[in-house]
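Participant: Can you read through this structure? Questions will come right after.
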Amino acid sequence: MELSLTLADVSQEYVLVQAFKKTCSYLRYHSWFADTVEMDRASADLPNFLKSLSSEIASGTWTPSSLQIVMAPKSQAWGWDDKKGRWGPIEKGRLPLRPLAHVSLRDQVVATAIMLCLANRAESAQGDPRADYTKQKTRRAISSYGNRLFCDRNSSSGNLQHRWASQNLYRAYFQDYRSFVSRADWVASQEHQLEKRTFVTQSDLAQFYDRVRPHSLHAALSSLRKEEDDQGFFDLCEQVFNWGWHPADISSAQEYADQKEIRGFAQIALPQGLVAAGFLANIILLPFDNAIQGRIGEDIGNGLRLADYSRYVDDLRIVTSCEDCELEGATAASMKWLSGILTDTAPFLTISEEKTQTARFGGDEKGYSRATACMVATSASSCSLSFFVRSKKGVEIAKAAVPPFCTVRMSVGKAGSAPRNSATVLPTNPSSTVRWSIFTWNPTPFGNPTPLKMIQFDLFPFGVGRRIRSSGCCPCT
């Protein structure tokens, strides 16, 4: 059964119960600040909870609850302070914060129900992320890889269909992100083989979720509308995706907005904490994607030819090539062109200049991307890795100094045998120091724990699948 974009379908209790299940499952797994007590209370009285939602939706009037702000620190480089004897941020001063939001369960469920109705149309418009990107036809039609819903392809129409009655919601992160990071590498390698100067530009949309206003989201949703759709459905969308901050949080929200120079932050369309936010973000950026995809193969300025474009939510990556141009010129031209496309399709958004980096594929510039192996200047002769292991209260502490733009794979096992467990640790900051704490026993399903007797480090540049240098084995002390 395919859901339609009507008020009748979105208010059905069999749709709302699936939205409730998907919402609670996602929040319990992904959100560290979710109100689990609220979910438990609703589960205990689920029939009445769903009946109340259905009645309110069917009435055509919805008043969203106020958002509660949750200021959370952004990811940043940490290091060990020998003087203080503890971990802490490497950069001192005021820590960068991200304004997450607690959304009421009733709003979450209704937003997810709306997403289930929009799923097939929005996902089909973006194309199948599983398609073979080595084909030019695929690259001209598909560029979005992040926050994609779990879908099947209809054998007759070719459209994507979300299993709205199943347990799955979003596709697994590692599946699509792997395609996103490898696609640019593959295209760049093909351009490089033609003896052209090839550049990969990676950029980011600054404070993307915070800059989307309700009217912008409503306009994007309306672009998906067809004649048979219900006006009441889109009126509901306009009412649901229009939050304001709780009175106690208005001053904190305004302080953040002033610091980041964000206008209209009193009205929120995509709160960071909404289950459906990632899905809706892709709808917002559909015109942007289409505009860039239509220019693949064309000159974008300064003699640069656009070879490819891909996006993972608000992370952008373009591949360009030219006969004779320098890195500085390629960077400026790419930045100017991207900003121009964004102004035409989503003027409320902005490119983050500080996160925009360009590197020449196969050149001498330092790499910036985990996936772009050929852009890494580090070689086997220049890589080095130092570490020490010491025991403290039953915990083995391994400390390694990581060279710029490299990742370390750590394998742990018994002495004289192949490594049993391994983990890849990616430094958050090039040239940073990484520390692992490893328990000296390995839990097993049956029997006694197995003592760990060996620690092995392997050094890899980003994206390289072969070992460059191994520091060998070190017996635990």
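Identifiers for the structure tokens are assigned positionally: chains receive A, B, ... in sequence, residues are indexed from 1 per chain, and ligands are indexed from 1 in the order shown.
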Would you mind listing what lies within 10 Å of Ile292 in chain A as a list in words, with only C-alpha atoms counted and same-chain residues fewer than 5 positions away left out?

Facilitator: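 The residues satisfying every condition are Arg140, Ser143, Pro287, Leu306, Asp308, Tyr309, Ser310, Ile318, Trp337, Leu338, Ile341 and Leu342 of chain A.
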
Participant: Any chance you can output those residues with N, CA and C atoms as a PDB file, in the first residue's frame?

Facilitator:
ATOM      1  N   ARG A 140      25.005  12.145 -13.300  1.00  0.00           N
ATOM      2  CA  ARG A 140      24.211  13.312 -13.710  1.00  0.00           C
ATOM      3  C   ARG A 140      22.830  13.328 -13.050  1.00  0.00           C
ATOM      4  N   SER A 143      23.110  12.667  -6.680  1.00  0.00           N
ATOM      5  CA  SER A 143      24.202  13.328  -5.961  1.00  0.00           C
ATOM      6  C   SER A 143      24.027  13.272  -4.451  1.00  0.00           C
ATOM      7  N   PRO A 287      16.637  21.651  -5.205  1.00  0.00           N
ATOM      8  CA  PRO A 287      16.927  22.598  -6.303  1.00  0.00           C
ATOM      9  C   PRO A 287      18.423  22.869  -6.460  1.00  0.00           C
ATOM     10  N   LEU A 306      33.542  21.271 -14.643  1.00  0.00           N
ATOM     11  CA  LEU A 306      32.941  20.506 -13.554  1.00  0.00           C
ATOM     12  C   LEU A 306      32.831  19.046 -13.960  1.00  0.00           C
ATOM     13  N   ASP A 308      32.282  16.415 -11.504  1.00  0.00           N
ATOM     14  CA  ASP A 308      31.348  15.677 -10.652  1.00  0.00           C
ATOM     15  C   ASP A 308      30.952  16.516  -9.443  1.00  0.00           C
ATOM     16  N   TYR A 309      29.802  16.150  -8.873  1.00  0.00           N
ATOM     17  CA  TYR A 309      29.298  16.777  -7.651  1.00  0.00           C
ATOM     18  C   TYR A 309      28.571  15.726  -6.835  1.00  0.00           C
ATOM     19  N   SER A 310      28.810  15.706  -5.530  1.00  0.00           N
ATOM     20  CA  SER A 310      28.084  14.818  -4.633  1.00  0.00           C
ATOM     21  C   SER A 310      27.898  15.531  -3.298  1.00  0.00           C
ATOM     22  N   ILE A 318      33.005  18.610  -4.903  1.00  0.00           N
ATOM     23  CA  ILE A 318      32.991  18.724  -6.357  1.00  0.00           C
ATOM     24  C   ILE A 318      34.381  18.390  -6.895  1.00  0.00           C
ATOM     25  N   TRP A 337      31.696  29.957  -7.680  1.00  0.00           N
ATOM     26  CA  TRP A 337      30.636  29.290  -8.430  1.00  0.00           C
ATOM     27  C   TRP A 337      29.616  28.634  -7.494  1.00  0.00           C
ATOM     28  N   LEU A 338      30.085  27.945  -6.474  1.00  0.00           N
ATOM     29  CA  LEU A 338      29.177  27.316  -5.516  1.00  0.00           C
ATOM     30  C   LEU A 338      28.303  28.351  -4.817  1.00  0.00           C
ATOM     31  N   ILE A 341      25.490  29.475  -7.191  1.00  0.00           N
ATOM     32  CA  ILE A 341      24.407  28.499  -7.314  1.00  0.00           C
ATOM     33  C   ILE A 341      23.537  28.515  -6.060  1.00  0.00           C
ATOM     34  N   LEU A 342      24.169  28.627  -4.904  1.00  0.00           N
ATOM     35  CA  LEU A 342      23.417  28.638  -3.647  1.00  0.00           C
ATOM     36  C   LEU A 342      22.545  29.893  -3.546  1.00  0.00           C
TER      37      LEU A 342
END

Participant: Using the chain letters and numbers from this document, which residues of range 56-145 of chain A does DSSP assign to strand (DSSP E), as a ChimeraX atom specification?

Facilitator: /A:68-73,78-81,86-89,97-102

Participant: Tell me, as a list of chain:residue names, which residues lie within 8 Å of Leu221 in chain A, counting only C-alpha atoms; anything in the same chain fewer than 3 positions away does not count.

Facilitator: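 The neighbour list is A:Leu217, A:His218, A:Leu224, A:Arg225, A:Phe234, A:Ile283, A:Ile284.
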
Participant: Would you mind exporting the chosen residues as a short mmCIF file (atom, residue, chain, number, x, y, z; two decimals), in the first residue's frame, restricted to C-alpha atoms?

Facilitator:
data_model
loop_
_atom_site.label_atom_id
_atom_site.label_comp_id
_atom_site.auth_asym_id
_atom_site.auth_seq_id
_atom_site.Cartn_x
_atom_site.Cartn_y
_atom_site.Cartn_z
CA LEU A 217 10.68 24.51 3.97
CA HIS A 218 7.04 24.96 2.98
CA LEU A 224 6.73 18.17 -4.74
CA ARG A 225 2.99 18.66 -4.92
CA PHE A 234 0.39 20.86 2.96
CA ILE A 283 14.15 18.21 0.15
CA ILE A 284 15.39 21.73 0.91
#

Participant: Closest to Gln167 in chain A among A:Ser31, A:Gln293, A:Ser25, A:Thr198, using only C-alpha atoms?

Facilitator: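 Checking each of A:Ser31, A:Gln293, A:Ser25, A:Thr198 against Gln167 in chain A, counting only C-alpha atoms, the winner is A:Ser25.
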
Participant: Quick one: residues within 10 Å of Leu149 in chain A, only C-alpha atoms counted, chain neighbours fewer than 5 positions away excluded, as a list in words?

Facilitator: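 Residues near the query, excluding close chain neighbours: Met115, Leu116, Ala119, Asn120, Ala122, Glu123, Leu160, Gln161, His162, Arg163, Trp164, Asn168, Leu169, Tyr170, Arg171, Ala172, Gly278 and Phe279 of chain A.
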
Participant: Pick from A:Ser339, A:Thr112, A:Gln175, A:Asn154: nearest to Gln18 in chain A, with only C-alpha atoms counted?

Facilitator: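 Going through A:Ser339, A:Thr112, A:Gln175, A:Asn154 one by one, the smallest distance to Gln18 in chain A is for A:Thr112.
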
Participant: If you run DSSP on the backbone, which residues of range 128-186 of chain A are helix (DSSP H, G or I), as a list in words?

Facilitator: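 Those in range 128-186 of chain A that DSSP calls helix (DSSP H, G or I) are Gln136, Lys137, Thr138, Arg139, Arg140, Ala141, Tyr173, Phe174, Gln175, Asp176, Tyr177, Arg178, Ser179, Phe180, Val181, Ser182, Arg183, Ala184, Asp185 and Trp186 of chain A.
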
Participant: Those residues you just picked out, can you put them in a file as a compact mmCIF listing (two decimals), in the first residue's frame with N, CA and C atoms?

Facilitator:
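Here's the written file out15.txt:
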# COMPACT_ATOMS: atom_id res chain seq x y z
N GLN A 136 28.30 7.57 -16.13
CA GLN A 136 28.07 9.02 -16.24
C GLN A 136 26.60 9.36 -16.08
N LYS A 137 25.72 8.51 -16.58
CA LYS A 137 24.28 8.76 -16.47
C LYS A 137 23.86 8.82 -15.00
N THR A 138 24.44 7.96 -14.18
CA THR A 138 24.13 7.96 -12.74
C THR A 138 24.61 9.24 -12.08
N ARG A 139 25.81 9.67 -12.41
CA ARG A 139 26.37 10.87 -11.77
C ARG A 139 25.60 12.12 -12.15
N ARG A 140 25.00 12.15 -13.30
CA ARG A 140 24.21 13.31 -13.71
C ARG A 140 22.83 13.33 -13.05
N ALA A 141 22.42 12.20 -12.49
CA ALA A 141 21.07 12.11 -11.92
C ALA A 141 21.05 11.99 -10.41
N TYR A 173 24.43 4.41 7.91
CA TYR A 173 25.40 5.48 7.65
C TYR A 173 26.58 4.98 6.83
N PHE A 174 27.16 3.83 7.21
CA PHE A 174 28.40 3.39 6.58
C PHE A 174 28.20 3.02 5.12
N GLN A 175 26.99 2.65 4.72
CA GLN A 175 26.75 2.26 3.34
C GLN A 175 26.86 3.46 2.40
N ASP A 176 26.09 4.50 2.68
CA ASP A 176 26.05 5.64 1.77
C ASP A 176 27.25 6.55 1.93
N TYR A 177 27.79 6.66 3.14
CA TYR A 177 28.96 7.52 3.31
C TYR A 177 30.16 6.95 2.57
N ARG A 178 30.26 5.65 2.53
CA ARG A 178 31.35 5.02 1.79
C ARG A 178 31.24 5.35 0.30
N SER A 179 30.03 5.35 -0.24
CA SER A 179 29.85 5.73 -1.65
C SER A 179 30.18 7.20 -1.87
N PHE A 180 29.77 8.04 -0.90
CA PHE A 180 30.02 9.47 -1.02
C PHE A 180 31.51 9.78 -1.07
N VAL A 181 32.28 9.19 -0.18
CA VAL A 181 33.69 9.53 -0.10
C VAL A 181 34.51 8.89 -1.21
N SER A 182 34.04 7.76 -1.75
CA SER A 182 34.81 7.10 -2.80
C SER A 182 34.46 7.61 -4.20
N ARG A 183 33.29 8.20 -4.34
CA ARG A 183 32.86 8.67 -5.66
C ARG A 183 33.77 9.75 -6.20
N ALA A 184 34.09 10.74 -5.38
CA ALA A 184 34.96 11.82 -5.84
C ALA A 184 36.35 11.30 -6.19
N ASP A 185 36.84 10.34 -5.41
CA ASP A 185 38.15 9.76 -5.70
C ASP A 185 38.16 9.08 -7.06
N TRP A 186 37.10 8.32 -7.33
CA TRP A 186 37.05 7.59 -8.60
C TRP A 186 36.99 8.55 -9.78

Participant: Mind running range 312-373 of chain A against range 254-268 of chain A at 12 Å and telling me each contacting residue's nearest atom pair with the distance in Å (one decimal), counting only C-alpha atoms, chain and number ascending, as a tab-separated table?

Facilitator:
residue	atom	partner	partner_atom	distance
A:Phe348	CA	A:Arg263	CA	9.3
A:Leu349	CA	A:Ile262	CA	10.0
A:Thr350	CA	A:Ile262	CA	10.6
A:Ser352	CA	A:Lys260	CA	11.7

Participant: Just want the 9 Å neighbourhood of range 86-89 of chain A, counted on only C-alpha atoms, with same-chain residues fewer than 6 positions away dropped. Output as a ChimeraX atom specification.

Facilitator: /A:76-80,95

Participant: Counting only C-alpha atoms, figure out which residue out of A:Thr61, A:Pro47, A:Ala19, A:Met39 gets nearest to Phe233 in chain A.

Facilitator: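 Residue with the minimum atom-to-atom distance to Phe233 in chain A: A:Thr61.
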
Participant: Counting only C-alpha atoms, which of A:Leu97, A:Cys322, A:Val37, A:Leu286 gets nearest to Lys196 in chain A?

Facilitator: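 Ranked by minimum distance to Lys196 in chain A, first place goes to A:Cys322.
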